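So this one's input-v6.cif, mmCIF, C-alpha atoms:
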data_protein
loop_
_atom_site.label_atom_id
_atom_site.label_comp_id
_atom_site.auth_asym_id
_atom_site.auth_seq_id
_atom_site.Cartn_x
_atom_site.Cartn_y
_atom_site.Cartn_z
CA MET I 1 -24.91 35.47 14.56
CA PHE I 2 -23.54 38.21 12.29
CA PHE I 3 -20.04 36.97 13.05
CA LEU I 4 -20.98 33.41 12.08
CA ARG I 5 -22.56 34.58 8.83
CA LYS I 6 -19.62 36.80 7.93
CA TYR I 7 -16.95 34.22 8.57
CA ARG I 8 -18.90 31.08 7.75
CA THR I 9 -16.55 30.04 4.92
CA ILE I 10 -13.49 30.38 7.13
CA ILE I 11 -15.26 28.52 9.95
CA PHE I 12 -16.28 25.77 7.53
CA ILE I 13 -12.72 25.31 6.19
CA ALA I 14 -11.30 25.38 9.72
CA ALA I 15 -13.86 22.75 10.75
CA LEU I 16 -12.78 20.47 7.88
CA LEU I 17 -9.14 20.78 8.94
CA VAL I 18 -10.01 20.18 12.59
CA VAL I 19 -11.97 17.04 11.67
CA ALA I 20 -9.03 15.73 9.62
CA LEU I 21 -6.55 16.49 12.41
CA SER I 22 -8.84 14.88 14.99
CA MET I 23 -8.95 11.73 12.89
CA ILE I 24 -5.15 11.65 12.76
CA PHE I 25 -4.71 12.17 16.50
CA TYR I 26 -7.48 9.72 17.37
CA ASN I 27 -5.87 7.04 15.22
CA LEU I 28 -2.41 7.73 16.55
CA LYS I 29 -3.69 7.40 20.11
CA TYR I 30 -6.09 4.47 19.79
CA GLY I 31 -4.67 2.57 16.81
CA THR I 32 -6.07 2.03 13.33
CA ASP I 33 -9.62 3.20 12.96
CA ASN I 34 -12.01 0.44 11.90
CA SER I 35 -15.08 2.63 11.82
CA PHE I 36 -18.39 1.94 10.14
CA LEU I 37 -17.80 4.71 7.59
CA ARG I 38 -14.44 3.27 6.66
CA LYS I 39 -15.98 -0.18 6.21
CA ILE I 40 -18.63 1.32 3.95
CA VAL I 41 -15.99 2.99 1.77
CA LEU I 42 -13.97 -0.24 1.57
CA GLU I 43 -17.11 -2.19 0.61
CA ALA I 44 -17.89 0.39 -2.08
CA VAL I 45 -14.36 0.46 -3.50
CA ALA I 46 -14.12 -3.33 -3.71
CA PRO I 47 -16.60 -4.00 -6.59
CA VAL I 48 -15.24 -1.12 -8.69
CA GLN I 49 -11.70 -2.30 -8.11
CA LYS I 50 -12.74 -5.88 -8.87
CA VAL I 51 -14.30 -4.96 -12.22
CA LEU I 52 -11.27 -2.87 -13.24
CA SER I 53 -8.78 -5.52 -12.12
CA TYR I 54 -10.59 -8.36 -13.91
CA SER I 55 -10.90 -6.35 -17.13
CA ILE I 56 -7.20 -5.56 -17.13
CA ALA I 57 -6.29 -9.12 -16.15
CA GLY I 58 -8.34 -10.34 -19.13
CA VAL I 59 -6.43 -8.11 -21.54
CA LYS I 60 -3.12 -9.15 -19.98
CA ASP I 61 -4.02 -12.86 -20.25
CA ASN I 62 -4.92 -12.52 -23.91
CA TRP I 63 -1.67 -10.75 -24.55
CA SER I 64 0.45 -13.36 -22.79
CA HIS I 65 -1.49 -16.39 -24.14
CA TYR I 66 -1.88 -15.53 -27.79
CA ILE I 67 0.42 -12.73 -28.77
CA PHE I 68 3.49 -12.88 -26.59
CA LEU I 69 4.59 -16.44 -27.51
CA VAL I 70 8.09 -15.78 -28.80
CA GLY I 71 10.57 -18.27 -27.36
CA THR I 72 7.93 -20.45 -25.75
CA MET I 73 9.28 -23.68 -27.30
CA GLU I 74 12.76 -23.17 -25.92
CA GLU I 75 11.32 -22.19 -22.55
CA ASN I 76 9.15 -25.31 -22.57
CA LYS I 77 12.18 -27.52 -23.17
CA ASN I 78 14.08 -25.90 -20.32
CA LEU I 79 11.11 -26.16 -17.98
CA LYS I 80 10.70 -29.89 -18.72
CA LYS I 81 14.32 -30.47 -17.79
CA GLU I 82 13.83 -28.41 -14.64
CA ILE I 83 10.75 -30.49 -13.72
CA GLU I 84 12.81 -33.68 -13.96
CA ASP I 85 15.46 -32.23 -11.64
CA LEU I 86 12.82 -30.98 -9.20
CA LYS I 87 11.11 -34.38 -9.13
CA ALA I 88 14.37 -35.96 -8.02
CA ASP I 89 14.73 -33.30 -5.31
CA LEU I 90 11.12 -33.82 -4.25
CA ILE I 91 11.65 -37.51 -3.61
CA LEU I 92 14.59 -36.66 -1.38
CA TYR I 93 12.60 -33.99 0.49
CA HIS I 94 9.67 -36.36 0.91
CA GLU I 95 11.91 -38.85 2.62
CA SER I 96 13.25 -36.13 4.92
CA TYR I 97 9.71 -34.95 5.67
CA GLN I 98 8.61 -38.44 6.66
CA GLU I 99 11.63 -38.73 8.89
CA ALA I 100 10.90 -35.35 10.49
CA GLN I 101 7.29 -36.42 11.15
CA ARG I 102 8.46 -39.57 12.87
CA LEU I 103 10.96 -37.65 14.98
CA ARG I 104 8.35 -35.04 15.85
CA LYS I 105 6.05 -37.77 17.11
CA LEU I 106 8.90 -39.30 19.08
CA LEU I 107 9.66 -35.98 20.74
CA ALA I 108 5.91 -35.30 21.22
CA LEU I 109 6.22 -31.83 19.72
CA SER I 110 3.17 -30.12 18.45
CA ASP I 111 2.33 -26.65 17.12
CA ASP I 112 0.92 -24.20 19.61
CA TYR I 113 -1.62 -23.02 17.08
CA LYS I 114 -3.81 -25.00 14.71
CA TYR I 115 -4.32 -23.10 11.50
CA HIS I 116 -6.48 -23.61 8.48
CA PHE I 117 -6.26 -21.69 5.25
CA ILE I 118 -8.77 -19.28 3.75
CA SER I 119 -7.98 -18.32 0.18
CA ALA I 120 -8.63 -14.83 -1.15
CA ARG I 121 -8.04 -12.83 -4.28
CA VAL I 122 -6.16 -9.54 -4.42
CA ILE I 123 -8.51 -6.91 -5.78
CA GLY I 124 -6.50 -3.77 -5.24
CA ARG I 125 -3.25 -2.26 -4.16
CA GLU I 126 -2.70 0.77 -2.03
CA GLN I 127 -2.03 4.15 -3.58
CA ALA I 128 -0.01 5.75 -0.83
CA ALA I 129 3.65 6.01 -1.71
CA LEU I 130 4.82 5.32 1.81
CA SER I 131 2.58 2.44 2.76
CA ARG I 132 2.27 -1.01 1.26
CA VAL I 133 -1.21 -2.36 1.59
CA ILE I 134 -3.31 -4.67 -0.57
CA LEU I 135 -7.05 -5.12 -0.67
CA ILE I 136 -8.54 -8.64 -0.70
CA ASN I 137 -12.03 -9.92 -1.47
CA LYS I 138 -12.73 -11.65 1.87
CA GLY I 139 -13.86 -10.17 5.15
CA SER I 140 -15.40 -10.88 8.53
CA SER I 141 -18.28 -12.79 6.91
CA ASP I 142 -15.67 -15.34 5.74
CA GLY I 143 -14.24 -15.68 9.24
CA LEU I 144 -11.38 -13.19 8.93
CA LYS I 145 -10.21 -11.15 11.89
CA THR I 146 -7.76 -8.31 12.31
CA GLY I 147 -4.24 -9.58 12.94
CA MET I 148 -4.47 -12.86 11.05
CA PRO I 149 -1.26 -13.81 9.18
CA VAL I 150 -1.30 -13.79 5.39
CA VAL I 151 0.66 -16.17 3.19
CA ALA I 152 1.55 -16.21 -0.49
CA PRO I 153 3.60 -19.30 -1.25
CA PRO I 154 6.40 -19.83 -0.46
CA GLY I 155 6.12 -17.66 2.66
CA LEU I 156 4.49 -15.10 4.88
CA ILE I 157 3.71 -11.72 3.35
CA GLY I 158 1.86 -9.73 6.01
CA ARG I 159 -1.16 -9.51 8.28
CA LEU I 160 -4.71 -8.23 8.20
CA VAL I 161 -5.05 -4.68 9.52
CA ASP I 162 -8.62 -3.77 8.58
CA VAL I 163 -11.44 -6.24 8.19
CA SER I 164 -14.71 -5.14 6.69
CA TRP I 165 -17.64 -7.48 5.97
CA HIS I 166 -16.51 -8.62 2.52
CA VAL I 167 -13.20 -6.82 2.05
CA SER I 168 -9.99 -6.62 4.07
CA ARG I 169 -6.72 -4.73 3.97
CA VAL I 170 -3.41 -6.55 4.32
CA LEU I 171 -0.37 -4.71 5.66
CA LEU I 172 2.61 -6.17 3.80
CA PHE I 173 5.94 -6.83 5.50
CA ILE I 174 7.62 -4.23 3.26
CA ASP I 175 5.46 -1.47 4.77
CA GLU I 176 7.49 0.88 6.96
CA ASN I 177 5.02 0.34 9.81
CA SER I 178 5.51 -3.42 9.82
CA ASN I 179 7.74 -5.09 12.43
CA ILE I 180 7.88 -8.82 13.21
CA ASP I 181 10.12 -11.15 15.17
CA ALA I 182 12.30 -13.29 12.94
CA ILE I 183 15.26 -15.63 13.08
CA VAL I 184 18.02 -16.70 10.74
CA GLN I 185 17.27 -20.28 9.72
CA ARG I 186 20.93 -21.35 9.64
CA ASN I 187 22.06 -20.31 13.12
CA ARG I 188 18.82 -19.14 14.88
CA THR I 189 20.06 -15.55 15.32
CA GLN I 190 17.09 -13.50 16.44
CA GLY I 191 16.06 -10.00 15.35
CA ILE I 192 13.26 -7.85 14.03
CA ILE I 193 12.21 -7.64 10.39
CA SER I 194 11.07 -4.13 9.48
CA GLY I 195 9.59 -2.94 6.22
CA ALA I 196 11.69 -0.67 4.02
CA GLY I 197 9.26 0.04 1.19
CA SER I 198 10.63 -0.51 -2.27
CA SER I 199 13.98 -1.57 -0.78
CA GLY I 200 12.37 -4.69 0.69
CA MET I 201 12.98 -5.32 4.39
CA ILE I 202 15.66 -4.71 7.02
CA PHE I 203 16.74 -7.24 9.64
CA LYS I 204 17.33 -5.13 12.73
CA TYR I 205 19.13 -5.40 16.06
CA ILE I 206 21.73 -7.97 15.04
CA SER I 207 25.00 -7.21 16.79
CA LYS I 208 28.25 -7.10 14.83
CA THR I 209 29.49 -10.24 16.55
CA GLN I 210 26.68 -12.32 15.06
CA ASP I 211 27.28 -14.42 11.99
CA VAL I 212 24.80 -13.42 9.27
CA LYS I 213 25.74 -13.81 5.61
CA GLU I 214 24.28 -12.99 2.24
CA GLY I 215 21.96 -15.77 1.16
CA ASP I 216 20.82 -16.66 4.71
CA VAL I 217 17.13 -17.48 4.91
CA ILE I 218 15.01 -15.53 7.41
CA ILE I 219 12.01 -17.26 8.99
CA SER I 220 9.34 -16.19 11.47
CA ALA I 221 10.25 -16.60 15.14
CA GLY I 222 6.70 -17.43 16.23
CA MET I 223 6.80 -15.08 19.19
CA GLY I 224 3.76 -13.07 20.22
CA GLY I 225 1.41 -15.70 18.85
CA VAL I 226 0.47 -13.81 15.69
CA PHE I 227 2.70 -15.56 13.16
CA PRO I 228 3.39 -19.28 13.21
CA LYS I 229 6.99 -20.29 13.77
CA GLY I 230 9.29 -21.30 10.93
CA MET I 231 7.55 -19.71 7.95
CA LEU I 232 9.70 -18.21 5.22
CA ILE I 233 10.00 -14.42 5.16
CA GLY I 234 12.94 -13.57 2.95
CA GLN I 235 16.60 -13.92 2.11
CA VAL I 236 19.55 -11.77 3.17
CA THR I 237 20.83 -9.77 0.18
CA HIS I 238 23.37 -7.48 1.78
CA VAL I 239 25.18 -7.25 5.12
CA ASP I 240 26.87 -3.99 6.04
CA LYS I 241 29.13 -3.62 9.10
CA GLN I 242 28.62 0.09 9.71
CA ASP I 243 31.46 1.72 11.66
CA ALA I 244 29.30 4.05 13.71
CA SER I 245 26.67 1.53 14.72
CA LEU I 246 26.46 -1.26 17.26
CA PHE I 247 24.41 -3.36 14.89
CA LEU I 248 24.74 -4.81 11.41
CA LYS I 249 22.71 -3.28 8.61
CA ILE I 250 21.08 -6.27 6.93
CA ASN I 251 18.91 -5.97 3.84
CA VAL I 252 16.41 -8.73 3.23
CA ALA I 253 14.58 -9.45 -0.02
CA PRO I 254 11.15 -11.06 0.30
CA PHE I 255 10.58 -14.42 -1.41
CA THR I 256 7.37 -13.10 -2.90
CA ASP I 257 7.15 -10.46 -5.61
CA PHE I 258 4.55 -8.19 -4.01
CA SER I 259 3.78 -6.43 -7.26
CA LYS I 260 2.55 -9.70 -8.78
CA LEU I 261 0.34 -10.95 -5.96
CA GLU I 262 -2.97 -12.31 -7.24
CA GLU I 263 -4.12 -14.97 -4.80
CA ILE I 264 -3.21 -15.24 -1.15
CA LEU I 265 -3.98 -17.47 1.83
CA ILE I 266 -5.01 -16.32 5.27
CA LEU I 267 -3.99 -18.48 8.19
CA SER I 268 -7.10 -18.68 10.27
CA SER I 269 -7.06 -19.84 13.82
CA ASP I 270 -9.49 -19.43 16.68
CA GLU I 271 -6.51 -18.61 18.81
CA THR I 272 -5.25 -15.77 16.64
CA LYS I 273 -4.31 -12.93 18.92
CA ILE I 274 -5.51 -9.47 17.95
CA MET Q 1 -26.90 19.24 -4.76
CA LEU Q 2 -26.16 16.72 -7.52
CA TYR Q 3 -22.49 17.68 -7.21
CA TYR Q 4 -22.39 16.82 -3.48
CA LEU Q 5 -24.39 13.60 -3.95
CA SER Q 6 -22.22 12.31 -6.77
CA LEU Q 7 -18.95 13.29 -5.09
CA PRO Q 8 -18.45 10.13 -2.95
CA PHE Q 9 -19.20 7.81 -5.88
CA LEU Q 10 -16.96 9.69 -8.30
CA SER Q 11 -14.20 9.80 -5.68
CA ILE Q 12 -14.39 6.05 -5.19
CA LEU Q 13 -14.29 5.53 -8.95
CA LEU Q 14 -11.30 7.84 -9.33
CA ILE Q 15 -9.31 6.22 -6.52
CA ALA Q 16 -10.03 2.71 -7.84
CA LEU Q 17 -9.09 3.79 -11.36
CA GLN Q 18 -5.84 5.47 -10.39
CA SER Q 19 -4.84 2.51 -8.29
CA THR Q 20 -5.47 0.09 -11.19
CA VAL Q 21 -3.67 2.31 -13.71
CA ALA Q 22 -0.65 2.61 -11.40
CA ASP Q 23 -0.66 -1.13 -10.88
CA VAL Q 24 -0.68 -1.85 -14.61
CA LEU Q 25 1.85 0.81 -15.62
CA PHE Q 26 4.31 0.63 -12.76
CA SER Q 27 3.61 -2.77 -11.10
CA GLY Q 28 3.05 -1.08 -7.74
CA ARG Q 29 6.52 0.49 -7.68
CA LEU Q 30 5.30 4.00 -8.40
CA VAL Q 31 2.10 5.82 -7.61
CA PHE Q 32 0.21 7.81 -10.19
CA GLU Q 33 -1.83 10.19 -8.06
CA LEU Q 34 -4.45 11.49 -10.45
CA SER Q 35 -6.52 12.56 -7.43
CA LEU Q 36 -3.83 15.12 -6.54
CA ILE Q 37 -4.06 16.67 -10.02
CA VAL Q 38 -7.85 16.81 -9.57
CA ILE Q 39 -7.38 18.67 -6.27
CA ILE Q 40 -5.04 21.21 -7.90
CA TYR Q 41 -7.50 21.65 -10.77
CA ALA Q 42 -10.27 22.22 -8.22
CA GLY Q 43 -8.08 24.82 -6.49
CA PHE Q 44 -7.75 26.73 -9.75
CA HIS Q 45 -11.34 26.41 -10.96
CA LEU Q 46 -13.84 25.73 -8.15
CA ASP Q 47 -15.13 27.93 -5.37
CA ILE Q 48 -13.65 27.37 -1.93
CA VAL Q 49 -16.54 25.42 -0.33
CA ARG Q 50 -17.07 23.02 -3.24
CA GLY Q 51 -13.36 22.49 -3.68
CA ALA Q 52 -12.67 21.95 0.02
CA ILE Q 53 -15.42 19.35 0.23
CA LEU Q 54 -14.04 17.61 -2.87
CA ALA Q 55 -10.55 17.58 -1.31
CA PHE Q 56 -11.93 16.28 1.99
CA VAL Q 57 -13.94 13.46 0.37
CA LEU Q 58 -11.14 12.41 -2.01
CA GLY Q 59 -8.63 12.42 0.84
CA PHE Q 60 -10.96 10.43 3.06
CA VAL Q 61 -11.58 7.78 0.38
CA LEU Q 62 -7.82 7.53 -0.23
CA ASP Q 63 -7.29 7.19 3.52
CA CYS Q 64 -9.85 4.40 3.77
CA PHE Q 65 -8.42 2.61 0.77
CA GLY Q 66 -4.70 2.82 1.26
CA GLY Q 67 -3.61 5.15 4.03
CA SER Q 68 -1.91 3.73 7.08
CA VAL Q 69 -2.98 6.65 9.29
CA PRO Q 70 -6.63 7.59 8.63
CA GLY Q 71 -7.06 11.33 8.34
CA LEU Q 72 -3.58 12.03 7.01
CA PHE Q 73 -4.49 12.24 3.32
CA THR Q 74 -7.72 14.04 4.19
CA PHE Q 75 -5.70 16.75 5.91
CA ILE Q 76 -3.00 16.95 3.23
CA TYR Q 77 -5.52 17.15 0.39
CA VAL Q 78 -7.45 19.99 2.05
CA VAL Q 79 -4.16 21.85 2.66
CA ILE Q 80 -3.07 21.37 -0.97
CA PHE Q 81 -6.48 22.52 -2.20
CA LEU Q 82 -6.22 25.69 -0.07
CA CYS Q 83 -2.68 26.35 -1.35
CA SER Q 84 -3.87 25.96 -4.97
CA PHE Q 85 -6.95 28.09 -4.34
CA PHE Q 86 -5.11 31.05 -2.81
CA ILE Q 87 -2.12 30.87 -5.15
CA SER Q 88 -4.37 30.81 -8.24
CA ASP Q 89 -5.05 34.55 -7.66
CA TRP Q 90 -1.37 35.36 -8.24
CA LEU Q 91 -0.54 32.85 -10.97
CA ASP Q 92 -1.51 32.73 -14.60
CA THR Q 93 -3.18 29.34 -14.30
CA GLU Q 94 -3.77 29.07 -18.04
CA LYS Q 95 -0.08 28.65 -18.81
CA MET Q 96 0.92 25.01 -19.13
CA TYR Q 97 4.44 25.40 -17.71
CA ILE Q 98 3.02 27.10 -14.61
CA ILE Q 99 0.56 24.23 -14.14
CA ALA Q 100 3.40 21.70 -14.53
CA ILE Q 101 5.73 23.47 -12.07
CA PHE Q 102 3.00 24.13 -9.52
CA SER Q 103 1.76 20.51 -9.69
CA PHE Q 104 5.33 19.26 -9.26
CA LEU Q 105 5.75 21.48 -6.19
CA CYS Q 106 2.40 20.35 -4.72
CA ALA Q 107 3.30 16.67 -5.19
CA PHE Q 108 6.67 17.35 -3.60
CA LEU Q 109 5.02 19.21 -0.71
CA LYS Q 110 2.64 16.30 -0.15
CA GLU Q 111 5.47 13.77 0.04
CA ILE Q 112 7.51 16.04 2.34
CA ILE Q 113 4.53 16.39 4.72
CA LEU Q 114 4.18 12.57 4.70
CA ILE Q 115 7.88 12.03 5.39
CA LEU Q 116 7.85 14.62 8.19
CA PHE Q 117 4.75 13.06 9.70
CA TYR Q 118 6.30 9.57 9.71
CA SER Q 119 9.47 11.01 11.17
CA LEU Q 120 7.64 12.87 13.98
CA ALA Q 121 4.93 10.32 14.77
CA PHE Q 122 6.76 7.02 14.28
CA LYS Q 123 10.44 8.10 14.36
CA ILE Q 124 10.93 6.53 10.94
CA ASP Q 125 13.34 8.32 8.63
CA LEU Q 126 12.01 7.69 5.16
CA PHE Q 127 13.85 10.42 3.32
CA MET Q 128 16.98 8.43 2.50
CA SER Q 129 15.07 5.40 1.24
CA THR Q 130 12.38 7.28 -0.69
CA HIS Q 131 13.92 10.52 -1.97
CA PHE Q 132 14.37 9.19 -5.51
CA ILE Q 133 10.81 7.78 -5.67
CA VAL Q 134 9.43 11.02 -4.22
CA PHE Q 135 11.19 13.01 -6.93
CA VAL Q 136 10.06 10.70 -9.75
CA GLN Q 137 6.46 10.74 -8.52
CA ALA Q 138 6.41 14.51 -8.27
CA LEU Q 139 7.86 14.67 -11.78
CA LEU Q 140 5.14 12.30 -13.00
CA ILE Q 141 2.44 14.55 -11.53
CA GLY Q 142 4.12 17.60 -13.08
CA LEU Q 143 4.16 15.93 -16.49
CA PHE Q 144 0.60 14.64 -16.42
CA ALA Q 145 -1.02 17.77 -14.97
CA PRO Q 146 -0.91 19.93 -18.17
CA PRO Q 147 -2.59 17.29 -20.41
CA PHE Q 148 -5.18 16.71 -17.68
CA PHE Q 149 -5.92 20.43 -17.41
CA TYR Q 150 -6.12 20.69 -21.20
CA LEU Q 151 -8.58 17.78 -21.41
CA MET Q 152 -10.69 19.19 -18.58
CA ASN Q 153 -10.79 22.60 -20.28
CA ARG Q 154 -11.91 20.93 -23.52
CA ALA Q 155 -14.54 18.95 -21.63
CA GLU Q 156 -15.85 22.16 -20.02
CA VAL Q 157 -16.14 23.80 -23.43
CA PHE Q 158 -17.83 20.70 -24.81
CA PHE Q 159 -20.41 20.45 -22.02
CA TYR Q 160 -21.01 24.11 -21.19
CA GLY Q 161 -20.03 25.86 -24.43
CA LYS Q 162 -17.44 27.90 -22.50
CA LYS Q 163 -15.02 27.52 -19.63
CA VAL Q 164 -16.63 27.49 -16.21
#
Please render this file's structure as structure tokens.
Amino acid sequence: MFFLRKYRTIIFIAALLVVALSMIFYNLKYGTDNSFLRKIVLEAVAPVQKVLSYSIAGVKDNWSHYIFLVGTMEENKNLKKEIEDLKADLILYHESYQEAQRLRKLLALSDDYKYHFISARVIGREQAALSRVILINKGSSDGLKTGMPVVAPPGLIGRLVDVSWHVSRVLLFIDENSNIDAIVQRNRTQGIISGAGSSGMIFKYISKTQDVKEGDVIISAGMGGVFPKGMLIGQVTHVDKQDASLFLKINVAPFTDFSKLEEILILSSDETKI
Amino acid sequence: MLYYLSLPFLSILLIALQSTVADVLFSGRLVFELSLIVIIYAGFHLDIVRGAILAFVLGFVLDCFGGSVPGLFTFIYVVIFLCSFFISDWLDTEKMYIIAIFSFLCAFLKEIILILFYSLAFKIDLFMSTHFIVFVQALLIGLFAPPFFYLMNRAEVFFYGKKV
């Protein structure tokens, strides 16, 4: 008893460190912790984050709508011209889409998974330098489940990793822990897209004999049943044939600017695999 | 008792605030870890039990909010608090340049522990891709720590009439 009283501060500090280490080892062994306590913290952070985000968004909007209007007329003129060009393109694409639908019916192809969209608002971004996570304002009460794919037009951006009752965390593709099957749209070369933090993504395990060029579009391969096939992921920005490696070093830039995400869509399916 | 009761709420507020500030100032490209400066301040000014609990709670909230491995920030924050606490006996913690250098080193130490952890646990080598960001973030902490300490000292004088 005397020993405990004498060294109680040291024992207390050691206990704190042991608890923290146990949490790390538990999570490394059994995967991401989705404990009750963690859900409570997420639920508590969400409203504070929401209030702060909305206040700052309000100030930003006022700035961009009323003060920062220099060059708007010229921009408007250019945008109108761009709309005309895009309309012409759209008509062409619509025709191709109709044709594809007819052919799909002819071939009796259908998607393996039937998805519907759940929209959500980004209410916070992660603070850890080495992970890329966002916080959204929907949770299990809205039908979300861990593992569901997340989309921000024009393409996929990540998947749900933690789902609380009214808040969820989305692991973005640029996170170093993220790996998904992907293919090159042009020639169907298959590889793995891994997150590379602020550098975007890396397309891995493509042998030097494969033909991958800058500008190639990378889409999801649809394997494993988590992500639907054929959704946009990013575009090849740099291909490096390293001398010492068997594989190409391919940098991929996401289509979405992750720093400007505000609204996202979650692809919900009863068949989503967790 | 009020200190321990208010700690979780203040931690949540701090983490939410620092995340929003970083988002506005750096568009998510850089992290402004005000919580780390708070931990170093606690190491210099609080007793070991209060400070360790503050570090534990702040780390845990940060883990819940943004960490990819729960427990990692909790552990790192407690370690950084202990470093600050024990080193404060040997350093003149009133001098601004010492605060700046020590905060820079702590931020650097934190990032190095993270990089080592990712390298050992997941076999991911982050050093080459993040060394510049790590340096800039540590520099940011080093620059912001002295004004934060100054403001906190002023606040202590304002509320208590003298430094605690």
* Structure fact -> Computed gap from CA of Thr130 in chain Q to CA of Ile101 in chain Q is 20.9 Å
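Here CA of Val170 in chain I is placed at a distance of 14.2 Å from CA of Lys39 in chain I.
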* Structure fact -> As a check of understanding: the span from CA of Thr9 in chain I to CA of Leu72 in chain Q is 22.3 Å
* **Proximal residues of chain Q relative to chain I (all atoms listed in the file; 9 Å) as a VMD selection string** => chain Q and resid 8 to 9 12 to 13 15 to 20 22 to 24 26 to 33 48 to 49 52 to 53 56 60 to 76 78 to 79 111 114 to 115 121 to 122 124 126 129 to 130 133 to 134 137
* To do: Might you pull out every residue within 12 Å of Leu143 in chain Q, with only C-alpha atoms counted and same-chain residues fewer than 3 positions away left off, and present them as a list in words?
  => Phe32, Glu33, Leu34, Ile37, Met96, Tyr97, Ile98, Ile99, Ala100, Ile101, Phe102, Ser103, Phe104, Leu105, Ala107, Val136, Gln137, Ala138, Leu139, Leu140, Pro146, Pro147, Phe148 and Phe149 of chain Q
Once the PyMOL selection byres ((chain I and resi 228) around 12) is applied to the coordinates I shared, what remains selected? I want it as a CSV table (one decimal) with C-alpha atoms, keeping the file's coordinate frame.
chain,number,residue,atom,x,y,z
I,111,ASP,CA,2.3,-26.6,17.1
I,112,ASP,CA,0.9,-24.2,19.6
I,113,TYR,CA,-1.6,-23.0,17.1
I,114,LYS,CA,-3.8,-25.0,14.7
I,115,TYR,CA,-4.3,-23.1,11.5
I,116,HIS,CA,-6.5,-23.6,8.5
I,148,MET,CA,-4.5,-12.9,11.0
I,149,PRO,CA,-1.3,-13.8,9.2
I,150,VAL,CA,-1.3,-13.8,5.4
I,151,VAL,CA,0.7,-16.2,3.2
I,155,GLY,CA,6.1,-17.7,2.7
I,156,LEU,CA,4.5,-15.1,4.9
I,159,ARG,CA,-1.2,-9.5,8.3
I,180,ILE,CA,7.9,-8.8,13.2
I,181,ASP,CA,10.1,-11.2,15.2
I,182,ALA,CA,12.3,-13.3,12.9
I,219,ILE,CA,12.0,-17.3,9.0
I,220,SER,CA,9.3,-16.2,11.5
I,221,ALA,CA,10.2,-16.6,15.1
I,222,GLY,CA,6.7,-17.4,16.2
I,223,MET,CA,6.8,-15.1,19.2
I,224,GLY,CA,3.8,-13.1,20.2
I,225,GLY,CA,1.4,-15.7,18.8
I,226,VAL,CA,0.5,-13.8,15.7
I,227,PHE,CA,2.7,-15.6,13.2
I,229,LYS,CA,7.0,-20.3,13.8
I,230,GLY,CA,9.3,-21.3,10.9
I,231,MET,CA,7.6,-19.7,8.0
I,232,LEU,CA,9.7,-18.2,5.2
I,233,ILE,CA,10.0,-14.4,5.2
I,266,ILE,CA,-5.0,-16.3,5.3
I,267,LEU,CA,-4.0,-18.5,8.2
I,268,SER,CA,-7.1,-18.7,10.3
I,269,SER,CA,-7.1,-19.8,13.8
I,271,GLU,CA,-6.5,-18.6,18.8
I,272,THR,CA,-5.2,-15.8,16.6
I,273,LYS,CA,-4.3,-12.9,18.9
* Which polymer residues have any atom within 7 Å of an atom of range 200-210 of chain I, counting all atoms listed in the file, with same-chain residues fewer than 6 positions away left out, as number ranges by chain? -> I: 174, 191-194, 241, 246-248, 250-254
Could you write out the selected residues, including C-alpha atoms, as a PDB file, keeping the file's coordinate frame?
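That gives us result.pdb:
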ATOM      1  CA  ILE I 174       7.620  -4.230   3.260  1.00  0.00           C
ATOM      2  CA  GLY I 191      16.060 -10.000  15.350  1.00  0.00           C
ATOM      3  CA  ILE I 192      13.260  -7.850  14.030  1.00  0.00           C
ATOM      4  CA  ILE I 193      12.210  -7.640  10.390  1.00  0.00           C
ATOM      5  CA  SER I 194      11.070  -4.130   9.480  1.00  0.00           C
ATOM      6  CA  LYS I 241      29.130  -3.620   9.100  1.00  0.00           C
ATOM      7  CA  LEU I 246      26.460  -1.260  17.260  1.00  0.00           C
ATOM      8  CA  PHE I 247      24.410  -3.360  14.890  1.00  0.00           C
ATOM      9  CA  LEU I 248      24.740  -4.810  11.410  1.00  0.00           C
ATOM     10  CA  ILE I 250      21.080  -6.270   6.930  1.00  0.00           C
ATOM     11  CA  ASN I 251      18.910  -5.970   3.840  1.00  0.00           C
ATOM     12  CA  VAL I 252      16.410  -8.730   3.230  1.00  0.00           C
ATOM     13  CA  ALA I 253      14.580  -9.450  -0.020  1.00  0.00           C
ATOM     14  CA  PRO I 254      11.150 -11.060   0.300  1.00  0.00           C
TER      15      PRO I 254
END
* Select all residues near (-11.4, 17.3, -3.1) (cut-off 8 Å, inclusive, file coordinates), counting all atoms listed in the file, and output them as a list in words. =>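 Those residues lying close to the given coordinates are Val38, Ile39, Ala42, Gly51, Ala52, Ile53, Leu54, Ala55, Phe56, Val57, Leu58, Gly59, Tyr77, Val78 and Phe81 of chain Q.
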* Considering only C-alpha atoms, state which residue in the set I:Asp216, I:Glu99, I:Asp142, I:Asp61 is at the smallest distance from Gln235 in chain I. => I:Asp216
Enclosing box along x, y and z for every listed atom of range 40-47 of chain Q, padded 3 Å each side, centre and size in Å, one decimal, as lines of an AutoDock Vina configuration file:
center_x = -10.1
center_y = 24.6
center_z = -8.2
size_x = 16.1
size_y = 12.7
size_z = 11.6
* Asked: If you count only C-alpha atoms, which residues fall within 6 Å of Ser84 in chain Q, apart from same-chain ones fewer than 4 positions away, as an MDAnalysis selection string?
  -> chainID Q and resid 40 43 88
